[in-house]
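With PDB, C-alpha atoms inside, this is query19.pdb:
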```pdb
ATOM      1  CA  MET A   1      23.858  -2.430   2.784
ATOM      2  CA  ARG A   2      22.483  -5.433   0.919
ATOM      3  CA  PHE A   3      18.772  -6.138   1.234
ATOM      4  CA  ALA A   4      17.632  -9.690   0.572
ATOM      5  CA  LEU A   5      14.652 -11.691   1.764
ATOM      6  CA  SER A   6      15.324 -14.361   4.333
ATOM      7  CA  PRO A   7      14.272 -17.937   3.522
ATOM      8  CA  GLU A   8      11.261 -17.465   5.808
ATOM      9  CA  GLN A   9      10.258 -14.264   4.029
ATOM     10  CA  ARG A  10      10.607 -15.936   0.629
ATOM     11  CA  ASP A  11       8.387 -18.782   1.791
ATOM     12  CA  PHE A  12       5.880 -16.275   3.152
ATOM     13  CA  ALA A  13       5.865 -14.350  -0.147
ATOM     14  CA  ALA A  14       5.366 -17.581  -2.084
ATOM     15  CA  ALA A  15       2.436 -18.590   0.140
ATOM     16  CA  LEU A  16       0.818 -15.190  -0.323
ATOM     17  CA  ASP A  17       1.278 -15.320  -4.074
ATOM     18  CA  GLU A  18      -0.193 -18.811  -4.270
ATOM     19  CA  LEU A  19      -3.247 -17.753  -2.269
ATOM     20  CA  LEU A  20      -3.876 -14.477  -4.072
ATOM     21  CA  ALA A  21      -3.162 -15.778  -7.570
ATOM     22  CA  GLY A  22      -5.948 -18.316  -7.137
ATOM     23  CA  SER A  23      -8.466 -15.938  -5.550
ATOM     24  CA  ASP A  24      -9.614 -13.751  -8.474
ATOM     25  CA  THR A  25      -8.600 -10.547  -6.731
ATOM     26  CA  PRO A  26      -9.575  -8.416  -9.780
ATOM     27  CA  GLY A  27     -13.090  -9.803  -9.496
ATOM     28  CA  ALA A  28     -13.170  -9.125  -5.750
ATOM     29  CA  ALA A  29     -11.930  -5.572  -6.370
ATOM     30  CA  ARG A  30     -14.668  -4.911  -8.932
ATOM     31  CA  GLU A  31     -17.299  -6.220  -6.526
ATOM     32  CA  TRP A  32     -15.808  -4.058  -3.741
ATOM     33  CA  ALA A  33     -16.172  -0.982  -5.940
ATOM     34  CA  GLU A  34     -19.907  -1.707  -6.125
ATOM     35  CA  ARG A  35     -19.967  -2.216  -2.344
ATOM     36  CA  ARG A  36     -20.625  -5.914  -2.705
ATOM     37  CA  CYS A  37     -17.854  -6.737  -0.274
ATOM     38  CA  GLU A  38     -18.291 -10.400   0.636
ATOM     39  CA  PRO A  39     -15.718 -11.697  -1.920
ATOM     40  CA  GLY A  40     -13.236  -9.177  -0.546
ATOM     41  CA  ARG A  41     -14.003 -10.062   3.056
ATOM     42  CA  LYS A  42     -13.537 -13.735   2.261
ATOM     43  CA  LEU A  43     -10.128 -12.853   0.860
ATOM     44  CA  TRP A  44      -9.318 -10.912   4.026
ATOM     45  CA  ARG A  45     -10.229 -13.941   6.145
ATOM     46  CA  GLU A  46      -7.878 -16.092   4.091
ATOM     47  CA  LEU A  47      -5.098 -13.541   4.547
ATOM     48  CA  ALA A  48      -5.796 -13.618   8.294
ATOM     49  CA  ASP A  49      -5.177 -17.359   8.227
ATOM     50  CA  LEU A  50      -1.698 -16.601   6.877
ATOM     51  CA  GLY A  51      -1.144 -14.092   9.683
ATOM     52  CA  VAL A  52      -1.037 -10.945   7.541
ATOM     53  CA  TRP A  53      -3.113  -8.722   9.831
ATOM     54  CA  GLY A  54      -1.199  -9.770  12.927
ATOM     55  CA  LEU A  55       2.327  -9.335  11.608
ATOM     56  CA  LEU A  56       3.069  -6.181  13.597
ATOM     57  CA  VAL A  57       0.775  -7.011  16.507
ATOM     58  CA  PRO A  58       2.727  -8.008  19.643
ATOM     59  CA  GLU A  59       2.637 -11.671  20.580
ATOM     60  CA  GLU A  60       0.793 -10.963  23.823
ATOM     61  CA  HIS A  61      -2.144  -9.772  21.717
ATOM     62  CA  GLY A  62      -2.158 -12.795  19.432
ATOM     63  CA  GLY A  63       0.093 -11.409  16.723
ATOM     64  CA  ALA A  64       3.440 -12.435  15.314
ATOM     65  CA  GLY A  65       5.498  -9.552  16.705
ATOM     66  CA  ALA A  66       7.311  -9.435  13.365
ATOM     67  CA  GLU A  67       9.467  -6.725  11.814
ATOM     68  CA  PRO A  68       8.351  -3.961   9.407
ATOM     69  CA  ALA A  69      10.315  -5.773   6.667
ATOM     70  CA  ASP A  70       7.900  -8.706   7.017
ATOM     71  CA  ALA A  71       4.971  -6.349   6.584
ATOM     72  CA  VAL A  72       6.599  -4.973   3.426
ATOM     73  CA  VAL A  73       6.568  -8.483   1.959
ATOM     74  CA  ALA A  74       2.838  -8.804   2.649
ATOM     75  CA  LEU A  75       1.884  -5.340   1.444
ATOM     76  CA  GLU A  76       3.890  -5.662  -1.758
ATOM     77  CA  ALA A  77       1.949  -8.858  -2.463
ATOM     78  CA  CYS A  78      -1.317  -7.024  -1.766
ATOM     79  CA  GLY A  79      -0.325  -4.298  -4.209
ATOM     80  CA  TYR A  80       0.724  -6.855  -6.811
ATOM     81  CA  HIS A  81      -2.662  -8.579  -6.610
ATOM     82  CA  ALA A  82      -4.803  -5.432  -6.034
ATOM     83  CA  VAL A  83      -6.307  -6.617  -2.752
ATOM     84  CA  PRO A  84      -9.209  -4.259  -1.905
ATOM     85  CA  GLY A  85      -9.853  -2.572   1.422
ATOM     86  CA  PRO A  86      -7.877  -0.619   4.045
ATOM     87  CA  VAL A  87      -4.897  -2.953   3.840
ATOM     88  CA  VAL A  88      -2.237  -0.523   5.050
ATOM     89  CA  GLU A  89      -4.417   0.908   7.800
ATOM     90  CA  THR A  90      -5.203  -2.528   9.231
ATOM     91  CA  ALA A  91      -1.840  -4.224   8.785
ATOM     92  CA  VAL A  92       0.653  -1.555   9.844
ATOM     93  CA  VAL A  93      -1.151   1.493  11.280
ATOM     94  CA  ALA A  94      -3.705  -0.137  13.589
ATOM     95  CA  PRO A  95      -0.947  -1.770  15.716
ATOM     96  CA  ARG A  96       0.366   1.743  16.441
ATOM     97  CA  LEU A  97      -3.042   2.999  17.579
ATOM     98  CA  LEU A  98      -4.882   0.167  19.313
ATOM     99  CA  GLY A  99      -4.344  -2.160  22.233
ATOM    100  CA  GLY A 100      -6.076  -4.838  24.251
ATOM    101  CA  ASP A 101      -8.996  -6.793  22.836
ATOM    102  CA  GLU A 102      -9.350  -4.519  19.808
ATOM    103  CA  LEU A 103      -5.778  -5.188  18.749
ATOM    104  CA  ALA A 104      -6.278  -8.915  19.294
ATOM    105  CA  ALA A 105      -9.330  -8.741  17.027
ATOM    106  CA  VAL A 106      -7.221  -7.056  14.345
ATOM    107  CA  ALA A 107      -4.620  -9.819  14.563
ATOM    108  CA  ALA A 108      -7.335 -12.467  14.237
ATOM    109  CA  GLY A 109      -8.761 -10.840  11.130
ATOM    110  CA  GLU A 110     -11.991  -9.948  12.921
ATOM    111  CA  ALA A 111     -11.601  -6.141  12.897
ATOM    112  CA  MET A 112     -10.923  -4.403   9.592
ATOM    113  CA  THR A 113      -9.601  -1.003  10.651
ATOM    114  CA  THR A 114      -9.318   2.359   8.959
ATOM    115  CA  VAL A 115      -8.079   5.741  10.152
ATOM    116  CA  ALA A 116      -7.978   9.429   9.334
ATOM    117  CA  ILE A 117      -4.893  11.385  10.418
ATOM    118  CA  PRO A 118      -5.373  15.042   9.482
ATOM    119  CA  PRO A 119      -3.691  16.683   7.690
ATOM    120  CA  GLU A 120      -1.626  13.859   6.171
ATOM    121  CA  VAL A 121      -4.620  11.529   5.761
ATOM    122  CA  PRO A 122      -7.721  13.749   5.813
ATOM    123  CA  ARG A 123     -10.218  10.976   5.007
ATOM    124  CA  ALA A 124     -10.601   7.371   6.100
ATOM    125  CA  LEU A 125     -10.415   4.655   3.463
ATOM    126  CA  ASP A 126     -13.476   2.381   3.249
ATOM    127  CA  ALA A 127     -14.935   3.648   6.512
ATOM    128  CA  ASP A 128     -18.342   2.354   5.390
ATOM    129  CA  VAL A 129     -16.976  -1.203   5.351
ATOM    130  CA  ALA A 130     -14.483  -1.162   8.239
ATOM    131  CA  ASP A 131     -15.278  -2.584  11.658
ATOM    132  CA  ILE A 132     -13.185  -0.003  13.499
ATOM    133  CA  VAL A 133     -12.925   3.647  12.397
ATOM    134  CA  LEU A 134     -10.274   5.763  14.089
ATOM    135  CA  ARG A 135      -9.069   9.335  13.996
ATOM    136  CA  LEU A 136      -5.636  10.409  15.172
ATOM    137  CA  ASP A 137      -5.091  14.027  16.202
ATOM    138  CA  GLU A 138      -1.488  14.593  17.271
ATOM    139  CA  GLU A 139      -1.108  11.773  19.831
ATOM    140  CA  THR A 140      -4.779  11.251  20.716
ATOM    141  CA  VAL A 141      -6.627   8.310  19.175
ATOM    142  CA  THR A 142     -10.404   8.546  18.955
ATOM    143  CA  ARG A 143     -12.785   5.803  17.884
ATOM    144  CA  VAL A 144     -15.767   7.121  15.952
ATOM    145  CA  PRO A 145     -19.023   5.335  15.070
ATOM    146  CA  SER A 146     -18.580   2.906  12.188
ATOM    147  CA  ASP A 147     -22.109   3.431  10.835
ATOM    148  CA  VAL A 148     -20.853   5.862   8.203
ATOM    149  CA  ASP A 149     -23.323   7.535   5.866
ATOM    150  CA  PRO A 150     -22.678   6.026   2.398
ATOM    151  CA  ASP A 151     -23.742   9.329   0.823
ATOM    152  CA  GLY A 152     -20.732  10.990   2.433
ATOM    153  CA  ARG A 153     -18.337   9.130   0.170
ATOM    154  CA  VAL A 154     -15.803  11.367  -1.565
ATOM    155  CA  PRO A 155     -15.101  10.400  -5.187
ATOM    156  CA  SER A 156     -11.706   8.849  -5.940
ATOM    157  CA  ILE A 157     -10.012   8.182  -9.248
ATOM    158  CA  ASP A 158      -9.935   4.565  -8.058
ATOM    159  CA  ALA A 159     -13.540   3.376  -7.794
ATOM    160  CA  VAL A 160     -12.445   0.567  -5.481
ATOM    161  CA  ARG A 161     -11.349   3.058  -2.835
ATOM    162  CA  GLY A 162     -14.121   4.667  -0.787
ATOM    163  CA  LEU A 163     -12.969   7.808   1.034
ATOM    164  CA  PHE A 164     -14.986   9.238   3.923
ATOM    165  CA  PRO A 165     -14.606  12.261   6.210
ATOM    166  CA  VAL A 166     -14.248  11.357   9.878
ATOM    167  CA  PRO A 167     -15.705  13.677  12.544
ATOM    168  CA  GLY A 168     -13.501  14.964  15.316
ATOM    169  CA  HIS A 169     -15.710  13.657  18.111
ATOM    170  CA  GLY A 170     -15.858  10.121  19.411
ATOM    171  CA  VAL A 171     -14.647   7.853  22.189
ATOM    172  CA  PRO A 172     -11.000   8.399  23.190
ATOM    173  CA  VAL A 173      -9.017   5.171  22.871
ATOM    174  CA  GLY A 174      -5.705   6.353  24.244
ATOM    175  CA  ALA A 175      -2.368   7.641  23.075
ATOM    176  CA  ALA A 176      -0.810   6.473  19.836
ATOM    177  CA  ARG A 177       2.557   4.799  19.651
ATOM    178  CA  PRO A 178       4.989   6.999  17.706
ATOM    179  CA  HIS A 179       5.537   7.000  13.942
ATOM    180  CA  ALA A 180       2.035   5.888  12.918
ATOM    181  CA  VAL A 181       2.213   8.137   9.853
ATOM    182  CA  GLU A 182       5.603   6.786   8.834
ATOM    183  CA  PHE A 183       4.317   3.219   9.093
ATOM    184  CA  GLY A 184       1.448   4.179   6.804
ATOM    185  CA  VAL A 185       3.831   5.780   4.331
ATOM    186  CA  LEU A 186       5.963   2.640   4.325
ATOM    187  CA  GLY A 187       2.905   0.458   3.711
ATOM    188  CA  VAL A 188       1.674   2.504   0.754
ATOM    189  CA  SER A 189       5.188   2.521  -0.703
ATOM    190  CA  ALA A 190       5.273  -1.275  -0.573
ATOM    191  CA  GLN A 191       1.869  -1.426  -2.263
ATOM    192  CA  LEU A 192       3.124   0.853  -5.035
ATOM    193  CA  VAL A 193       6.166  -1.350  -5.619
ATOM    194  CA  GLY A 194       3.912  -4.388  -5.881
ATOM    195  CA  ALA A 195       1.571  -2.638  -8.299
ATOM    196  CA  ALA A 196       4.501  -1.475 -10.434
ATOM    197  CA  ARG A 197       5.870  -4.990 -10.571
ATOM    198  CA  ARG A 198       2.473  -6.324 -11.666
ATOM    199  CA  MET A 199       2.073  -3.758 -14.443
ATOM    200  CA  LEU A 200       5.604  -4.386 -15.676
ATOM    201  CA  GLY A 201       4.820  -8.090 -15.882
ATOM    202  CA  MET A 202       1.547  -7.443 -17.709
ATOM    203  CA  ALA A 203       3.250  -5.127 -20.197
ATOM    204  CA  THR A 204       6.101  -7.566 -20.827
ATOM    205  CA  GLU A 205       3.693 -10.436 -21.424
ATOM    206  CA  TYR A 206       1.473  -8.404 -23.733
ATOM    207  CA  ALA A 207       4.469  -7.088 -25.673
ATOM    208  CA  MET A 208       5.100 -10.658 -26.830
ATOM    209  CA  GLN A 209       1.458 -11.103 -27.855
ATOM    210  CA  ARG A 210       0.721  -7.835 -29.642
ATOM    211  CA  ARG A 211       2.046  -7.867 -33.202
ATOM    212  CA  GLN A 212       2.934  -5.015 -35.533
ATOM    213  CA  TYR A 213       4.462  -5.413 -38.995
ATOM    214  CA  GLY A 214       4.469  -9.182 -38.629
ATOM    215  CA  ARG A 215       6.392  -9.482 -35.363
ATOM    216  CA  PRO A 216       5.726  -9.063 -31.622
ATOM    217  CA  VAL A 217       6.163  -5.462 -30.514
ATOM    218  CA  GLY A 218       8.398  -6.715 -27.710
ATOM    219  CA  GLN A 219      11.081  -7.461 -30.290
ATOM    220  CA  TYR A 220      11.438  -3.785 -31.181
ATOM    221  CA  GLN A 221      14.273  -1.962 -29.478
ATOM    222  CA  ALA A 222      12.129   1.040 -28.519
ATOM    223  CA  VAL A 223       9.704  -1.152 -26.575
ATOM    224  CA  LYS A 224      12.576  -3.001 -24.899
ATOM    225  CA  HIS A 225      13.966   0.343 -23.750
ATOM    226  CA  LEU A 226      10.611   1.381 -22.297
ATOM    227  CA  LEU A 227      10.354  -1.815 -20.261
ATOM    228  CA  ALA A 228      14.000  -1.595 -19.203
ATOM    229  CA  ASP A 229      13.449   1.936 -17.914
ATOM    230  CA  VAL A 230      10.625   0.688 -15.699
ATOM    231  CA  THR A 231      12.808  -2.153 -14.429
ATOM    232  CA  VAL A 232      15.582   0.267 -13.482
ATOM    233  CA  ARG A 233      13.156   2.602 -11.728
ATOM    234  CA  LEU A 234      11.597  -0.323  -9.856
ATOM    235  CA  GLU A 235      14.923  -1.806  -8.780
ATOM    236  CA  THR A 236      15.918   1.630  -7.499
ATOM    237  CA  ALA A 237      12.765   1.958  -5.425
ATOM    238  CA  ARG A 238      12.762  -1.444  -3.764
ATOM    239  CA  PRO A 239      15.977  -0.976  -1.717
ATOM    240  CA  LEU A 240      14.676   2.375  -0.478
ATOM    241  CA  VAL A 241      11.468   0.727   0.733
ATOM    242  CA  ASP A 242      13.446  -2.073   2.378
ATOM    243  CA  GLY A 243      15.813   0.456   3.931
ATOM    244  CA  ALA A 244      12.904   2.451   5.339
ATOM    245  CA  ALA A 245      11.585  -0.731   6.948
ATOM    246  CA  VAL A 246      14.949  -1.297   8.634
ATOM    247  CA  THR A 247      15.024   2.291   9.897
ATOM    248  CA  LEU A 248      11.503   2.002  11.301
ATOM    249  CA  ALA A 249      12.396  -1.265  13.025
ATOM    250  CA  SER A 250      15.101   0.544  14.974
ATOM    251  CA  VAL A 251      12.558   2.854  16.640
ATOM    252  CA  ALA A 252       9.360   0.769  16.531
ATOM    253  CA  ASP A 253       9.443  -0.147  20.219
ATOM    254  CA  VAL A 254      11.061   3.012  21.546
ATOM    255  CA  PRO A 255       8.853   5.692  23.177
ATOM    256  CA  GLY A 256       8.768   8.778  20.999
ATOM    257  CA  ALA A 257      10.319  10.994  23.654
ATOM    258  CA  ASP A 258      13.317   8.650  23.896
ATOM    259  CA  VAL A 259      14.158   8.655  20.169
ATOM    260  CA  PRO A 260      17.150  10.920  19.468
ATOM    261  CA  GLY A 261      16.433  13.793  17.114
ATOM    262  CA  ALA A 262      18.808  12.526  14.437
ATOM    263  CA  GLN A 263      17.182   9.100  14.497
ATOM    264  CA  ALA A 264      13.668  10.590  14.322
ATOM    265  CA  ARG A 265      14.722  12.635  11.294
ATOM    266  CA  ALA A 266      16.185   9.498   9.698
ATOM    267  CA  VAL A 267      12.789   7.802  10.013
ATOM    268  CA  VAL A 268      11.092  10.701   8.216
ATOM    269  CA  ARG A 269      13.860  10.925   5.621
ATOM    270  CA  ASP A 270      13.884   7.226   4.751
ATOM    271  CA  THR A 271      10.135   6.651   4.659
ATOM    272  CA  SER A 272       9.527   9.765   2.587
ATOM    273  CA  ALA A 273      12.347   8.902   0.187
ATOM    274  CA  ALA A 274      10.804   5.454  -0.219
ATOM    275  CA  LYS A 275       7.406   6.971  -1.047
ATOM    276  CA  VAL A 276       8.915   9.288  -3.653
ATOM    277  CA  ALA A 277      10.851   6.471  -5.338
ATOM    278  CA  ALA A 278       7.953   4.011  -5.218
ATOM    279  CA  THR A 279       5.578   6.597  -6.665
ATOM    280  CA  ARG A 280       7.952   7.415  -9.527
ATOM    281  CA  ALA A 281       8.394   3.717 -10.334
ATOM    282  CA  ALA A 282       4.666   2.992 -10.240
ATOM    283  CA  ILE A 283       3.699   6.022 -12.332
ATOM    284  CA  LEU A 284       6.265   5.112 -14.986
ATOM    285  CA  ALA A 285       5.087   1.494 -14.932
ATOM    286  CA  ALA A 286       1.491   2.656 -15.404
ATOM    287  CA  ARG A 287       2.384   4.959 -18.292
ATOM    288  CA  THR A 288       4.531   2.344 -20.005
ATOM    289  CA  SER A 289       2.080  -0.530 -19.568
ATOM    290  CA  LEU A 290      -0.708   1.586 -21.028
ATOM    291  CA  GLN A 291       1.504   2.540 -23.977
ATOM    292  CA  VAL A 292       2.383  -1.106 -24.637
ATOM    293  CA  HIS A 293      -1.215  -2.276 -24.377
ATOM    294  CA  GLY A 294      -2.610   0.506 -26.518
ATOM    295  CA  ALA A 295      -6.320   1.326 -26.531
ATOM    296  CA  ILE A 296      -7.332  -1.957 -24.892
ATOM    297  CA  GLY A 297      -5.646  -0.764 -21.704
ATOM    298  CA  TYR A 298      -8.245   1.999 -21.374
ATOM    299  CA  THR A 299     -11.193  -0.374 -21.300
ATOM    300  CA  ALA A 300     -12.981  -1.098 -18.044
ATOM    301  CA  GLU A 301     -13.042  -4.795 -18.894
ATOM    302  CA  HIS A 302      -9.258  -5.118 -18.982
ATOM    303  CA  ASP A 303      -7.623  -5.820 -15.626
ATOM    304  CA  LEU A 304      -4.852  -3.309 -16.311
ATOM    305  CA  GLY A 305      -7.285  -0.515 -15.487
ATOM    306  CA  LEU A 306      -7.518  -1.684 -11.868
ATOM    307  CA  TRP A 307      -3.811  -1.060 -11.356
ATOM    308  CA  LEU A 308      -3.726   2.156 -13.405
ATOM    309  CA  THR A 309      -6.325   3.825 -11.195
ATOM    310  CA  LYS A 310      -4.971   2.273  -7.994
ATOM    311  CA  VAL A 311      -1.510   3.684  -8.648
ATOM    312  CA  ARG A 312      -2.904   7.145  -9.363
ATOM    313  CA  ALA A 313      -4.796   7.043  -6.073
ATOM    314  CA  LEU A 314      -1.916   5.629  -4.019
ATOM    315  CA  ALA A 315       0.451   8.241  -5.463
ATOM    316  CA  GLY A 316      -1.397  10.865  -3.433
ATOM    317  CA  ALA A 317      -2.307   8.696  -0.454
ATOM    318  CA  TRP A 318      -0.388   9.365   2.777
ATOM    319  CA  GLY A 319       1.230  12.393   1.139
ATOM    320  CA  THR A 320       2.137  13.322  -2.419
ATOM    321  CA  ALA A 321       5.610  12.961  -3.887
ATOM    322  CA  ASP A 322       6.141  16.737  -3.625
ATOM    323  CA  GLU A 323       5.149  16.733   0.039
ATOM    324  CA  HIS A 324       7.541  13.892   0.762
ATOM    325  CA  ARG A 325      10.380  15.583  -1.097
ATOM    326  CA  ALA A 326       9.848  18.551   1.200
ATOM    327  CA  ARG A 327       9.932  16.217   4.229
ATOM    328  CA  VAL A 328      13.201  14.696   3.022
ATOM    329  CA  LEU A 329      14.687  18.154   2.584
ATOM    330  CA  ARG A 330      13.667  19.273   6.069
ATOM    331  CA  ALA A 331      15.010  16.047   7.583
ATOM    332  CA  VAL A 332      18.333  16.390   5.814
ATOM    333  CA  ARG A 333      18.640  20.008   6.909
ATOM    334  CA  GLY A 334      17.981  18.980  10.479
ATOM    335  CA  GLY A 335      14.495  20.436  10.776
ATOM    336  CA  HIS A 336      11.705  18.788  12.719
ATOM    337  CA  ASP A 337       8.729  17.346  10.769
ATOM    338  CA  GLY A 338       5.844  15.934  12.788
TER     339      GLY A 338
END
```
Show me, as structure tokens, the structure contained in the file I just sent.
Amino acid sequence: MRFALSPEQRDFAAALDELLAGSDTPGAAREWAERRCEPGRKLWRELADLGVWGLLVPEEHGGAGAEPADAVVALEACGYHAVPGPVVETAVVAPRLLGGDELAAVAAGEAMTTVAIPPEVPRALDADVADIVLRLDEETVTRVPSDVDPDGRVPSIDAVRGLFPVPGHGVPVGAARPHAVEFGVLGVSAQLVGAARRMLGMATEYAMQRRQYGRPVGQYQAVKHLLADVTVRLETARPLVDGAAVTLASVADVPGADVPGAQARAVVRDTSAAKVAATRAAILAARTSLQVHGAIGYTAEHDLGLWLTKVRALAGAWGTADEHRARVLRAVRGGHDG
């Protein structure tokens, strides 16, 4: 199968890149880490104007009713530009958990949403900032108070990401649509691909600026090989992410009980394989970009650090690579997982 963006998706990606490239997202991310969130919220409002938060929201609730592949385009752009906040939770998970006016508010960009889904997602991202905080236990969705105690924040390797425990009591919202976890896994995988692409670009650019022995380090064969290895790993991951989006689209509107077992296992298999591949690509991109940059890449002032820590955090978000390898194995063997 050949995966290629449609003309509409290419235009959408270009519009996102134009917006985010001119928005100082690194600056917004640094402010978000200090819980000065207005620059980030302004960015979220601008993304709402492009329809990002309503992509997977049905048209009757004010959304676009688009396909998961369209969401992948948006989330890859968010990863590329390090957009702060619960991006995945709002864009692709909330439409599986909410309905009515709350879902319409999400589509309009008026309800930043986060969620905890134990055990896969034990803590809610940026629950102290979100407008809607949810918890999913099996098929039951509960809305919990959003006035989260800031002192309950759990440290993350990525200072931009605030992780908070979510209590098991609250107001029941209803039953979740199936595959909420798999949609989250797909979203994080797309973010990782975007982050890997950004770090590869940063490393390639810097390799032509940094000089050793009178010539740019990018002219040395060893450095070329390092960058080529990242490119290969990245180009291997992207089709798996796109393929997972296609698989999810085939069951997105089908009640869970009506999805054949083989098709349900294919959803788990493809989304988990995408997460493994995207994680491997992003980790290699992080390691290589840091090696190319040298000591300057460690400094807090250099933007590279935002992506280095983000990738490390996203690698474990919505399941580690080892956990997803185990899910792939069970799916291939015909076992049931979630």
Exercise for the section: Would you list the contacts of His61 of chain A as a VMD selection string, taking every protein, DNA or RNA residue within 7 Å and counting all atoms listed in the file, but skipping same-chain residues closer than 6 positions in sequence? Expected result: chain A and resid 100 103 to 104
Run the PyMOL selection byres ((chain A and resi 142) around 7) on the file and write out the hits as an mmCIF file with C-alpha atoms, in the coordinates of the input.
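out_25.cif, written as the output of this step:
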```cif
data_model
loop_
_atom_site.group_PDB
_atom_site.id
_atom_site.type_symbol
_atom_site.label_atom_id
_atom_site.label_comp_id
_atom_site.auth_asym_id
_atom_site.auth_seq_id
_atom_site.Cartn_x
_atom_site.Cartn_y
_atom_site.Cartn_z
ATOM 1 C CA LEU A 134 -10.274 5.763 14.089
ATOM 2 C CA ARG A 135 -9.069 9.335 13.996
ATOM 3 C CA LEU A 136 -5.636 10.409 15.172
ATOM 4 C CA THR A 140 -4.779 11.251 20.716
ATOM 5 C CA VAL A 141 -6.627 8.310 19.175
ATOM 6 C CA ARG A 143 -12.785 5.803 17.884
ATOM 7 C CA VAL A 144 -15.767 7.121 15.952
ATOM 8 C CA GLY A 170 -15.858 10.121 19.411
ATOM 9 C CA VAL A 171 -14.647 7.853 22.189
ATOM 10 C CA PRO A 172 -11.000 8.399 23.190
ATOM 11 C CA VAL A 173 -9.017 5.171 22.871
#
```
Exercise for the section: Determine, counting all atoms listed in the file, every residue of protein, DNA or RNA that lies within 9 Å of (14.6, 7.6, 3.6) in the file coordinates, then give the result as an MDAnalysis selection string. Expected result: chainID A and resid 240:241 243:244 247 266:275 328
Go ahead and write the residues just picked, C-alpha atoms, as an mmCIF file, in the coordinates of the input.
```cif
data_model
loop_
_atom_site.group_PDB
_atom_site.id
_atom_site.type_symbol
_atom_site.label_atom_id
_atom_site.label_comp_id
_atom_site.auth_asym_id
_atom_site.auth_seq_id
_atom_site.Cartn_x
_atom_site.Cartn_y
_atom_site.Cartn_z
ATOM 1 C CA LEU A 240 14.676 2.375 -0.478
ATOM 2 C CA VAL A 241 11.468 0.727 0.733
ATOM 3 C CA GLY A 243 15.813 0.456 3.931
ATOM 4 C CA ALA A 244 12.904 2.451 5.339
ATOM 5 C CA THR A 247 15.024 2.291 9.897
ATOM 6 C CA ALA A 266 16.185 9.498 9.698
ATOM 7 C CA VAL A 267 12.789 7.802 10.013
ATOM 8 C CA VAL A 268 11.092 10.701 8.216
ATOM 9 C CA ARG A 269 13.860 10.925 5.621
ATOM 10 C CA ASP A 270 13.884 7.226 4.751
ATOM 11 C CA THR A 271 10.135 6.651 4.659
ATOM 12 C CA SER A 272 9.527 9.765 2.587
ATOM 13 C CA ALA A 273 12.347 8.902 0.187
ATOM 14 C CA ALA A 274 10.804 5.454 -0.219
ATOM 15 C CA LYS A 275 7.406 6.971 -1.047
ATOM 16 C CA VAL A 328 13.201 14.696 3.022
#
```
Exercise for the section: Could you state which residues are captured by the PyMOL selection byres ((chain A and resi 67) around 12) in this file, as a PyMOL selection string? Expected result: chain A and resi 9+54-58+63-66+68-74+91-92+183+242+244-253
Practice task
Name the residues that the PyMOL selection byres ((chain A and resi 76) around 10) pulls out of this structure, and write them as a list of chain:residue names.
Solution key: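 The output of the PyMOL selection byres ((chain A and resi 76) around 10) on this file is A:Ala13, A:Ala71, A:Val72, A:Val73, A:Ala74, A:Leu75, A:Ala77, A:Cys78, A:Gly79, A:Tyr80, A:His81, A:Ala82, A:Gly187, A:Val188, A:Ser189, A:Ala190, A:Gln191, A:Leu192, A:Val193, A:Gly194, A:Ala195, A:Ala196, A:Arg197.
Take atom CA of Glu18 of chain A and atom CA of Gly201 of chain A: the distance between them is 16.6 Å.
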Once you add 3 Å to each side, what are the centre and edge lengths of the axis-aligned box holding all listed atoms of segment 23-37 of chain A? One decimal in Å, as AutoDock Vina command-line options, if you can.
```
--center_x -14.5 --center_y -8.5 --center_z -5.0 --size_x 18.2 --size_y 21.0 --size_z 15.5
```
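Nearest to Thr90 of chain A of all the residues A:Ser289, A:Thr113, A:Gln209, A:Thr236 is A:Thr113, counting only C-alpha atoms.
Nearest to Thr288 of chain A of all the residues A:Ala222, A:Ala300, A:Val254, A:Ala315 is A:Ala222, based on all atoms listed in the file.
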Exercise for the section: Go ahead and compute the interatomic distance for atom CA of Gly184 of chain A and atom CA of Pro84 of chain A, in Å to one decimal. Expected result: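 Answer for the atom CA of Gly184 of chain A to atom CA of Pro84 of chain A separation: 16.1 Å.
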Completion exercise
Computed gap from atom CA of Val83 of chain A to atom CA of Ala317 of chain A is 16.0 Å
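Restricting the calculation to all atoms listed in the file, the smallest distance between Met202 of chain A and any of A:Ala175, A:Leu290, A:Leu50, A:Val129 is found for A:Leu290.
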Handout entry: Distance query segment 154-168 of chain A at most 6 Å, all atoms listed in the file, self and fewer than 3 positions along chain excluded, as a ChimeraX atom specification
Key = /A:32-33,123-126,309-310
Exercise for the section: Identify which of the residues A:Gly62, A:Pro26, A:Pro178, A:Gly40 lies closest to Met112 of chain A, counting all atoms listed in the file when measuring atom-to-atom distances. Expected result: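 Nearest candidate to Met112 of chain A out of A:Gly62, A:Pro26, A:Pro178, A:Gly40: A:Gly40.
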Exercise for the section: Go through A:Ala176, A:Leu186, A:Arg153, A:Thr114 and flag the residue nearest Glu138 of chain A, using all atoms listed in the file for the distances. Expected result: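 Selected residue with least distance to Glu138 of chain A: A:Ala176.
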Problem - Nearest candidate to Gly305 of chain A (options A:Pro239, A:Arg198, A:Arg325, A:Asp24; using all atoms listed in the file) - result: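 Ranking A:Pro239, A:Arg198, A:Arg325, A:Asp24 by distance to Gly305 of chain A, first place goes to A:Arg198.
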Exercise for the section: Please provide as an NGL selection string all residues within 12 Å of Ala285 of chain A, with the sequence filter that same-chain residues fewer than 2 positions apart are discarded (counting all atoms listed in the file). Expected result: :A and (192-204 or 226-234 or 278-283 or 287-293 or 304 or 307-308 or 311-312)
Practice task
Starting from the point (-15.8, -10.4, 3.1), work out which residues of protein, DNA or RNA have an atom no more than 12 Å away when counting only C-alpha atoms; state them as a count of residues only.
Solution key: 28
